[in-house]
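Chemist: Have a peek at upload.cif (mmCIF, C-alpha atoms).
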data_input
#
loop_
_atom_site.label_atom_id
_atom_site.label_comp_id
_atom_site.auth_asym_id
_atom_site.auth_seq_id
_atom_site.Cartn_x
_atom_site.Cartn_y
_atom_site.Cartn_z
CA MET A 1 -120.69 -110.07 16.00
CA THR A 2 -120.93 -109.79 19.74
CA VAL A 3 -121.33 -112.20 22.61
CA ASP A 4 -123.69 -111.16 25.36
CA LEU A 5 -125.59 -112.54 28.32
CA ALA A 6 -128.06 -114.56 26.26
CA HIS A 7 -125.31 -116.58 24.59
CA TYR A 8 -123.79 -117.60 27.89
CA LEU A 9 -127.21 -118.42 29.34
CA ALA A 10 -127.94 -120.58 26.28
CA VAL A 11 -124.72 -122.55 26.74
CA SER A 12 -125.50 -122.88 30.45
CA GLY A 13 -129.00 -124.13 29.73
CA ILE A 14 -127.80 -126.69 27.19
CA ILE A 15 -125.18 -128.06 29.59
CA PHE A 16 -127.80 -128.17 32.35
CA GLY A 17 -130.19 -130.08 30.09
CA ILE A 18 -127.50 -132.60 29.21
CA GLY A 19 -126.76 -132.99 32.92
CA VAL A 20 -130.43 -133.63 33.68
CA ALA A 21 -130.62 -136.22 30.90
CA ILE A 22 -127.49 -138.00 32.15
CA ALA A 23 -128.56 -137.94 35.80
CA LEU A 24 -132.00 -139.32 35.01
CA SER A 25 -131.16 -141.96 32.48
CA LYS A 26 -127.82 -143.53 33.42
CA ARG A 27 -127.71 -146.82 35.25
CA ASN A 28 -124.35 -146.45 36.97
CA VAL A 29 -124.13 -144.37 40.17
CA VAL A 30 -120.88 -142.75 39.02
CA ALA A 31 -122.46 -141.66 35.74
CA VAL A 32 -125.42 -140.15 37.59
CA LEU A 33 -123.01 -138.16 39.76
CA MET A 34 -121.30 -136.93 36.60
CA GLY A 35 -124.65 -135.57 35.46
CA ILE A 36 -125.12 -133.78 38.76
CA GLU A 37 -121.66 -132.22 38.49
CA LEU A 38 -122.56 -131.00 35.00
CA MET A 39 -125.69 -129.32 36.37
CA LEU A 40 -123.71 -127.58 39.11
CA ASN A 41 -121.16 -126.40 36.57
CA ALA A 42 -123.88 -125.00 34.31
CA SER A 43 -125.31 -123.02 37.21
CA ASN A 44 -121.82 -121.65 37.91
CA LEU A 45 -121.60 -120.43 34.33
CA ALA A 46 -124.96 -118.68 34.66
CA PHE A 47 -123.87 -117.02 37.93
CA LEU A 48 -120.65 -115.73 36.38
CA ALA A 49 -122.43 -114.51 33.24
CA PHE A 50 -124.93 -112.52 35.30
CA SER A 51 -122.12 -111.20 37.45
CA ARG A 52 -120.30 -109.99 34.33
CA PHE A 53 -123.17 -108.52 32.34
CA SER A 54 -125.98 -107.58 34.70
CA GLY A 55 -126.76 -103.90 35.10
CA ALA A 56 -129.05 -104.52 38.06
CA PHE A 57 -126.51 -103.29 40.59
CA GLN A 58 -124.65 -100.03 40.47
CA ASP A 59 -120.90 -100.46 40.35
CA GLY A 60 -119.56 -101.07 43.83
CA THR A 61 -122.80 -101.92 45.62
CA GLU A 62 -122.51 -105.68 45.16
CA PRO A 63 -118.98 -106.29 43.91
CA LEU A 64 -118.60 -109.75 42.38
CA ALA A 65 -121.42 -111.30 44.40
CA GLY A 66 -121.80 -113.93 41.69
CA HIS A 67 -118.17 -114.94 42.03
CA THR A 68 -118.59 -115.28 45.79
CA PHE A 69 -121.62 -117.50 45.31
CA VAL A 70 -119.71 -119.66 42.83
CA VAL A 71 -117.01 -120.22 45.46
CA PHE A 72 -119.67 -121.68 47.77
CA VAL A 73 -121.12 -123.79 44.96
CA LEU A 74 -117.64 -125.21 44.30
CA THR A 75 -117.30 -126.06 48.00
CA VAL A 76 -120.65 -127.79 48.21
CA ALA A 77 -120.02 -129.67 44.96
CA ALA A 78 -116.70 -130.99 46.24
CA ALA A 79 -118.26 -132.12 49.53
CA GLU A 80 -121.20 -133.71 47.74
CA ALA A 81 -118.95 -135.59 45.32
CA ALA A 82 -116.78 -136.94 48.14
CA VAL A 83 -119.69 -138.21 50.24
CA ALA A 84 -121.68 -139.57 47.30
CA LEU A 85 -118.74 -141.48 45.86
CA ALA A 86 -117.96 -142.89 49.32
CA MET A 87 -121.58 -144.07 49.45
CA ALA A 88 -121.15 -145.68 46.03
CA VAL A 89 -118.12 -147.60 47.31
CA LEU A 90 -120.11 -148.61 50.42
CA ILE A 91 -123.02 -149.88 48.33
CA TYR A 92 -120.60 -151.80 46.16
CA ARG A 93 -119.13 -153.45 49.26
CA ARG A 94 -122.56 -154.56 50.47
CA ARG A 95 -124.11 -155.59 47.18
CA GLU A 96 -121.28 -155.98 44.64
CA THR A 97 -122.99 -153.63 42.23
CA VAL A 98 -123.42 -149.91 41.65
CA ASP A 99 -126.25 -150.25 39.14
CA LEU A 100 -129.21 -148.21 40.29
CA ASP A 101 -131.59 -150.72 38.70
CA ARG A 102 -130.37 -153.37 41.11
CA ILE A 103 -130.26 -151.25 44.27
CA SER A 104 -133.93 -151.75 44.98
CA VAL A 105 -134.15 -152.47 48.72
CA LEU A 106 -136.40 -149.50 49.38
CA ARG A 107 -138.69 -150.25 46.48
CA TRP A 108 -142.33 -150.72 47.31
CA MET B 8 -117.41 -108.28 24.48
CA ASP B 9 -116.99 -107.15 20.90
CA SER B 10 -113.37 -108.10 20.40
CA LEU B 11 -112.92 -110.85 17.86
CA GLY B 12 -110.70 -112.98 20.11
CA VAL B 13 -113.33 -113.23 22.84
CA VAL B 14 -116.06 -114.09 20.33
CA ILE B 15 -113.98 -116.82 18.70
CA ALA B 16 -112.92 -118.16 22.11
CA PHE B 17 -116.53 -118.23 23.26
CA TYR B 18 -117.78 -120.19 20.27
CA VAL B 19 -114.85 -122.64 20.21
CA LEU B 20 -115.04 -123.31 23.96
CA SER B 21 -118.84 -123.63 23.87
CA ALA B 22 -118.61 -126.15 21.03
CA ILE B 23 -115.96 -128.19 22.86
CA THR B 24 -117.93 -128.13 26.11
CA ILE B 25 -121.30 -129.04 24.62
CA VAL B 26 -119.95 -131.77 22.33
CA SER B 27 -117.98 -133.33 25.19
CA ALA B 28 -121.00 -133.18 27.51
CA ALA B 29 -123.17 -134.85 24.88
CA SER B 30 -120.48 -137.49 24.37
CA ILE B 31 -120.66 -138.35 28.08
CA PHE B 32 -124.22 -139.40 27.41
CA LEU B 33 -123.36 -141.36 24.27
CA LEU B 34 -120.12 -143.13 25.22
CA ARG B 35 -120.38 -146.74 26.32
CA ASN B 36 -117.26 -146.90 28.50
CA LEU B 37 -117.39 -145.23 31.90
CA VAL B 38 -113.67 -144.39 32.02
CA HIS B 39 -113.85 -142.66 28.65
CA ALA B 40 -116.82 -140.70 29.95
CA ILE B 41 -114.73 -139.52 32.93
CA VAL B 42 -111.99 -138.31 30.58
CA LEU B 43 -114.59 -136.35 28.63
CA LEU B 44 -115.94 -134.95 31.90
CA VAL B 45 -112.48 -133.48 32.49
CA VAL B 46 -112.64 -131.93 29.00
CA VAL B 47 -116.01 -130.38 29.91
CA PHE B 48 -114.54 -128.94 33.12
CA LEU B 49 -111.57 -127.47 31.26
CA GLY B 50 -113.84 -125.96 28.60
CA MET B 51 -115.95 -124.46 31.37
CA ALA B 52 -112.81 -122.97 32.91
CA GLY B 53 -112.04 -121.37 29.54
CA LEU B 54 -115.58 -119.94 29.39
CA PHE B 55 -115.09 -118.53 32.89
CA LEU B 56 -111.90 -116.86 31.65
CA THR B 57 -113.82 -115.15 28.84
CA LEU B 58 -116.07 -113.76 31.60
CA SER B 59 -113.04 -112.20 33.34
CA ALA B 60 -113.37 -114.67 36.22
CA ASP B 61 -109.72 -115.59 36.58
CA PHE B 62 -109.82 -116.86 40.17
CA ILE B 63 -112.91 -118.99 39.59
CA ALA B 64 -111.38 -120.44 36.41
CA VAL B 65 -108.22 -121.50 38.24
CA ALA B 66 -110.26 -122.86 41.15
CA GLN B 67 -112.37 -124.78 38.64
CA ILE B 68 -109.28 -126.38 37.13
CA LEU B 69 -107.86 -127.23 40.55
CA ILE B 70 -111.02 -128.53 42.18
CA TYR B 71 -113.02 -130.02 39.32
CA ALA B 72 -110.47 -131.08 36.71
CA GLY B 73 -107.90 -131.98 39.36
CA ALA B 74 -109.63 -133.33 42.45
CA ILE B 75 -113.19 -134.34 41.61
CA SER B 76 -112.20 -136.19 38.44
CA VAL B 77 -109.65 -138.16 40.48
CA LEU B 78 -112.46 -138.98 42.92
CA PHE B 79 -114.52 -140.31 40.03
CA VAL B 80 -111.64 -142.45 38.79
CA PHE B 81 -111.19 -143.77 42.36
CA ALA B 82 -114.88 -144.62 42.57
CA VAL B 83 -114.65 -146.61 39.34
CA MET B 84 -111.43 -148.36 40.35
CA LEU B 85 -112.73 -149.24 43.83
CA THR B 86 -115.71 -151.06 42.34
CA PRO B 87 -113.82 -153.56 40.18
CA LEU B 88 -116.53 -156.19 39.92
CA ALA B 89 -119.27 -153.77 38.98
CA SER B 90 -120.08 -153.21 35.36
CA ARG B 91 -117.99 -150.60 33.57
CA ASP B 92 -120.53 -149.79 30.92
CA ASN B 93 -122.33 -146.50 30.77
CA GLY B 94 -125.69 -147.97 29.91
CA ASN B 95 -129.07 -146.34 30.15
CA SER B 96 -131.84 -147.39 32.46
CA LEU B 97 -135.53 -147.57 31.62
CA TYR B 98 -135.82 -143.83 32.21
CA ALA B 99 -133.60 -142.89 29.25
CA GLY B 100 -136.53 -141.73 27.15
CA PRO B 101 -138.20 -139.51 29.75
CA GLY B 102 -134.80 -138.30 30.92
CA LEU B 103 -133.77 -137.21 27.44
CA LEU B 104 -137.15 -135.60 26.93
CA LEU B 105 -136.97 -133.64 30.18
CA GLY B 106 -133.36 -132.58 29.62
CA GLY B 107 -134.12 -131.46 26.09
CA ALA B 108 -137.20 -129.58 27.27
CA ILE B 109 -135.24 -127.75 29.98
CA ALA B 110 -132.46 -126.85 27.54
CA ALA B 111 -134.94 -125.64 24.92
CA ILE B 112 -136.90 -123.54 27.44
CA VAL B 113 -133.76 -121.92 28.82
CA VAL B 114 -132.32 -121.17 25.37
CA VAL B 115 -135.57 -119.69 24.06
CA THR B 116 -136.06 -117.65 27.22
CA ALA B 117 -132.47 -116.42 27.22
CA PHE B 118 -132.77 -115.02 23.73
CA ASP B 119 -136.32 -113.75 24.18
CA VAL B 120 -135.99 -111.75 27.39
CA GLU B 121 -134.80 -108.15 27.34
CA TRP B 122 -132.12 -108.52 29.97
CA ASN B 123 -131.07 -105.53 32.02
CA GLN B 124 -127.50 -105.89 30.85
CA LEU B 125 -124.57 -103.61 30.26
CA THR B 126 -123.26 -103.22 26.75
CA GLY B 127 -120.51 -101.35 24.97
CA VAL B 128 -118.79 -98.64 26.98
CA ALA B 129 -120.55 -99.41 30.27
CA LEU B 130 -119.44 -103.04 30.00
CA GLU B 131 -115.87 -102.01 29.31
CA GLN B 132 -115.91 -99.77 32.37
CA ARG B 133 -117.14 -102.73 34.41
CA SER B 134 -113.88 -104.54 33.59
CA PHE B 135 -111.87 -105.29 36.70
CA THR B 136 -108.25 -106.21 36.91
CA ASP B 137 -108.19 -108.10 40.19
CA THR B 138 -111.03 -110.37 41.30
CA ILE B 139 -109.18 -112.19 44.07
CA GLU B 140 -108.99 -109.18 46.38
CA VAL B 141 -112.69 -108.41 45.97
CA ILE B 142 -113.71 -112.06 46.47
CA GLY B 143 -111.55 -112.29 49.59
CA ASN B 144 -113.09 -109.15 51.04
CA GLN B 145 -116.56 -110.49 50.27
CA LEU B 146 -115.85 -113.87 51.85
CA LEU B 147 -114.38 -112.48 55.06
CA GLY B 148 -116.66 -109.43 55.17
CA PRO B 149 -120.40 -109.69 54.54
CA HIS B 150 -120.42 -113.44 53.87
CA VAL B 151 -118.22 -114.55 56.74
CA LEU B 152 -120.96 -116.67 58.35
CA ALA B 153 -121.51 -118.64 55.13
CA PHE B 154 -117.75 -118.99 54.83
CA GLU B 155 -117.53 -120.57 58.29
CA VAL B 156 -120.51 -122.84 57.59
CA ALA B 157 -118.79 -123.96 54.38
CA SER B 158 -115.69 -124.89 56.34
CA VAL B 159 -117.78 -126.93 58.78
CA LEU B 160 -119.50 -128.58 55.81
CA LEU B 161 -116.14 -129.54 54.32
CA LEU B 162 -114.99 -130.97 57.65
CA PHE B 163 -118.13 -133.08 57.95
CA ALA B 164 -117.83 -134.25 54.35
CA LEU B 165 -114.27 -135.33 55.05
CA LEU B 166 -115.25 -137.17 58.23
CA GLY B 167 -118.35 -138.64 56.60
CA ALA B 168 -116.42 -140.02 53.65
CA ILE B 169 -113.83 -141.59 55.95
CA VAL B 170 -116.45 -143.07 58.30
CA LEU B 171 -118.49 -144.43 55.40
CA VAL B 172 -115.70 -146.31 53.69
CA THR B 173 -114.04 -147.62 56.86
CA ASP B 174 -114.81 -151.29 57.23
CA PRO B 175 -116.05 -151.82 60.84
CA ASN B 176 -115.05 -155.51 60.85
CA ASN B 177 -111.57 -154.60 59.85
CA GLU B 178 -110.28 -151.84 62.11
CA ASP B 179 -106.69 -153.08 62.10
CA GLY B 180 -104.55 -151.28 59.55
CA ALA B 181 -102.52 -154.32 58.50
CA ALA B 182 -105.64 -156.41 58.02
CA ALA B 183 -107.20 -153.65 55.96
CA GLU B 184 -104.11 -153.50 53.81
CA GLU B 185 -104.21 -157.24 53.29
CA GLU B 186 -107.86 -156.97 52.35
CA ALA B 187 -107.04 -154.22 49.86
CA GLY B 188 -104.28 -156.39 48.37
CA LYS B 189 -106.70 -159.25 48.00
CA ASP B 190 -109.22 -156.98 46.33
CA THR B 191 -106.72 -155.78 43.77
CA ALA B 192 -105.62 -159.35 43.14
CA VAL B 193 -109.22 -160.30 42.48
CA GLY B 194 -109.64 -157.28 40.26
CA GLY B 195 -106.49 -158.14 38.34
CA SER B 196 -107.58 -161.69 37.69
CA GLU B 197 -110.89 -160.52 36.31
#
Output the file's structure in the form of C-alpha cells.
Modeler:
Amino acid sequence: MTVDLAHYLAVSGIIFGIGVAIALSKRNVVAVLMGIELMLNASNLAFLAFSRFSGAFQDGTEPLAGHTFVVFVLTVAAAEAAVALAMAVLIYRRRETVDLDRISVLRW
Amino acid sequence: MDSLGVVIAFYVLSAITIVSAASIFLLRNLVHAIVLLVVVFLGMAGLFLTLSADFIAVAQILIYAGAISVLFVFAVMLTPLASRDNGNSLYAGPGLLLGGAIAAIVVVTAFDVEWNQLTGVALEQRSFTDTIEVIGNQLLGPHVLAFEVASVLLLFALLGAIVLVTDPNNEDGAAAEEEAGKDTAVGGSE
C-alpha cells in the first residue's frame, strides 16, 4: 500500500469541490468566505504534492518552488480574508444584514 | 511514501479533513461551522507534514488556524443582529452539482493520468531535511520582487481593513468606544 501523487490530488480536488459548493450555495457572507478559504487550501495541497512528487525538474534546478508559491498563496489569502470580512462588517453596518440574498442593490 | 505510518496518517488526516469540510456545508450554526473550519485547517497542516513541508505546515497552523479563524469569529460577533444560521440560498442545487462535478473530474483525472512522478528510491533521495533555508533563499533570491509586492499587498490590506471599518461620523475615540459599548449592550439583550 503506497500513497502517491494521485491520492493527494484526489483529496485536494474533493476539498476544492466542497469549497465551490459552499461558496456558491451559502447565504451568509462569512460562510461564502469559508468556502473560498477551503478552495485556497486545496490548491496549496496540490502545490505541495507536486513539489514533493514531481519528477519534472532535476534535483536542484527548482528547489521547493511549490513551497515558495504556497507562501505567497498564504499571504494573499490572509489579505483577502481581512479585507472581505471588513467589507462584511461594513455591509452589516449599512444594511443590518449579511445575507447575500438581501444585498441586492446592484441587481438589475 | 511506502512506510506504514505515512500511509495511515494520510488516510486518517484525509478522512478528518474531508468529513469536516462536508460538515461545514451541512451544519446549521455558523459558529459550529467556524470550529469545523479550524479542524479542516489543522488536518490540512497534518497533510502538509506528510509531504515533508514542515515550514508550510507550521505557517498554516499560525496563519489559518490561528489568525484567519479568529477573523471569522470576529466577523460573526461584529454582526450581532444578522442571522447566525448557515442556510442555503437558491443556488444550493447548482452549487452542489458544480462542486461535485469539479471534485469528480479532478479525482478521475488524478488517478487516470500517468504523472511524471518520482517513486521508490528516487523519491527517498528527494527527501530534504531543512525546507526553511531553501524557502528563504528562494524568497530573497529569484522571487524577491514578488516578495516585496506581497509585503505591499499586506500593507494595503491592513490599511484597507482599517479604513473600511472606521466609522466616518464617529472619528472620536471615546465616542467610538461608547458606540461599541452600546452595540454590545444591544447584542446582549437580543
Chemist: Expand the PyMOL selection byres ((chain B) within 6 of (chain A)) into the individual residues it matches in the shown file, reporting them as an MDAnalysis selection string.
Modeler: chainID B and resid 8:9 32 82 89 94:96 98:99 102:103 106:107 109:110 113:114 117:118 123:125 142 161 164 168 172
Chemist: How big is the axis-aligned box, and where does its centre sit, when it encloses all atoms of stretch 102-111 of chain B listed in the file and has 5 Å added on every side, reported in Å to one decimal as AutoDock Vina command-line options?
Modeler:
--center_x -134.8 --center_y -132.0 --center_z 27.9 --size_x 14.7 --size_y 22.7 --size_z 16.0
Chemist: Figure out the distance between atom CA of B:Tyr18 and atom CA of B:Gly50, please, to one decimal in Å.
Modeler: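 Rounded to one decimal, the two atoms are 10.9 Å apart.
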Chemist: Please compute the atom CA of B:Thr57-atom CA of B:Ile139 distance, one decimal, in Å.
Modeler: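 The value is 16.2 Å.
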Chemist: Quick one, how far is atom CA of B:Leu34 from atom CA of B:Gly53?
Modeler: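 That distance, rounded to one decimal, is 23.6 Å.
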Chemist: With a distance cut-off of 9 Å and all atoms listed in the file, select the neighbouring residues of B:Arg91, excluding the residue or stretch itself and same-chain residues fewer than 6 positions from it, and output the selection as an mmCIF file with C-alpha atoms, keeping the file's coordinate frame.
Modeler:
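The resulting file, around.cif, is reproduced below:
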data_model
loop_
_atom_site.group_PDB
_atom_site.id
_atom_site.type_symbol
_atom_site.label_atom_id
_atom_site.label_comp_id
_atom_site.auth_asym_id
_atom_site.auth_seq_id
_atom_site.Cartn_x
_atom_site.Cartn_y
_atom_site.Cartn_z
ATOM 1 C CA ASN A 28 -124.350 -146.450 36.970
ATOM 2 C CA ARG B 35 -120.380 -146.740 26.320
ATOM 3 C CA ASN B 36 -117.260 -146.900 28.500
ATOM 4 C CA LEU B 37 -117.390 -145.230 31.900
ATOM 5 C CA VAL B 38 -113.670 -144.390 32.020
ATOM 6 C CA VAL B 83 -114.650 -146.610 39.340
#
Chemist: Could you rebuild stretch 28-42 of chain A with N, CA and C atoms and give it back as a PDB file, in the coordinates of the input?
Modeler:
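The new file result28.pdb reads:
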ATOM      1  N   ASN A  28    -125.457-146.368  36.021  1.00  0.00           N
ATOM      2  CA  ASN A  28    -124.350-146.450  36.970  1.00  0.00           C
ATOM      3  C   ASN A  28    -124.367-145.236  37.903  1.00  0.00           C
ATOM      4  N   VAL A  29    -124.108-145.467  39.197  1.00  0.00           N
ATOM      5  CA  VAL A  29    -124.130-144.370  40.170  1.00  0.00           C
ATOM      6  C   VAL A  29    -123.117-143.295  39.794  1.00  0.00           C
ATOM      7  N   VAL A  30    -121.930-143.711  39.356  1.00  0.00           N
ATOM      8  CA  VAL A  30    -120.880-142.750  39.020  1.00  0.00           C
ATOM      9  C   VAL A  30    -121.316-141.865  37.861  1.00  0.00           C
ATOM     10  N   ALA A  31    -121.992-142.454  36.875  1.00  0.00           N
ATOM     11  CA  ALA A  31    -122.460-141.660  35.740  1.00  0.00           C
ATOM     12  C   ALA A  31    -123.517-140.658  36.174  1.00  0.00           C
ATOM     13  N   VAL A  32    -124.399-141.076  37.092  1.00  0.00           N
ATOM     14  CA  VAL A  32    -125.420-140.150  37.590  1.00  0.00           C
ATOM     15  C   VAL A  32    -124.760-138.963  38.292  1.00  0.00           C
ATOM     16  N   LEU A  33    -123.709-139.254  39.076  1.00  0.00           N
ATOM     17  CA  LEU A  33    -123.010-138.160  39.760  1.00  0.00           C
ATOM     18  C   LEU A  33    -122.350-137.232  38.751  1.00  0.00           C
ATOM     19  N   MET A  34    -121.874-137.788  37.633  1.00  0.00           N
ATOM     20  CA  MET A  34    -121.300-136.930  36.600  1.00  0.00           C
ATOM     21  C   MET A  34    -122.355-135.970  36.067  1.00  0.00           C
ATOM     22  N   GLY A  35    -123.575-136.462  35.895  1.00  0.00           N
ATOM     23  CA  GLY A  35    -124.650-135.570  35.460  1.00  0.00           C
ATOM     24  C   GLY A  35    -124.916-134.456  36.445  1.00  0.00           C
ATOM     25  N   ILE A  36    -124.875-134.803  37.744  1.00  0.00           N
ATOM     26  CA  ILE A  36    -125.120-133.780  38.760  1.00  0.00           C
ATOM     27  C   ILE A  36    -124.012-132.728  38.752  1.00  0.00           C
ATOM     28  N   GLU A  37    -122.768-133.182  38.569  1.00  0.00           N
ATOM     29  CA  GLU A  37    -121.660-132.220  38.490  1.00  0.00           C
ATOM     30  C   GLU A  37    -121.831-131.296  37.289  1.00  0.00           C
ATOM     31  N   LEU A  38    -122.317-131.848  36.168  1.00  0.00           N
ATOM     32  CA  LEU A  38    -122.560-131.000  35.000  1.00  0.00           C
ATOM     33  C   LEU A  38    -123.590-129.927  35.306  1.00  0.00           C
ATOM     34  N   MET A  39    -124.655-130.310  36.033  1.00  0.00           N
ATOM     35  CA  MET A  39    -125.690-129.320  36.370  1.00  0.00           C
ATOM     36  C   MET A  39    -125.108-128.210  37.238  1.00  0.00           C
ATOM     37  N   LEU A  40    -124.309-128.595  38.234  1.00  0.00           N
ATOM     38  CA  LEU A  40    -123.710-127.580  39.110  1.00  0.00           C
ATOM     39  C   LEU A  40    -122.814-126.644  38.320  1.00  0.00           C
ATOM     40  N   ASN A  41    -122.056-127.212  37.379  1.00  0.00           N
ATOM     41  CA  ASN A  41    -121.160-126.400  36.570  1.00  0.00           C
ATOM     42  C   ASN A  41    -121.933-125.420  35.700  1.00  0.00           C
ATOM     43  N   ALA A  42    -123.068-125.884  35.151  1.00  0.00           N
ATOM     44  CA  ALA A  42    -123.880-125.000  34.310  1.00  0.00           C
ATOM     45  C   ALA A  42    -124.409-123.831  35.133  1.00  0.00           C
TER      46      ALA A  42
END
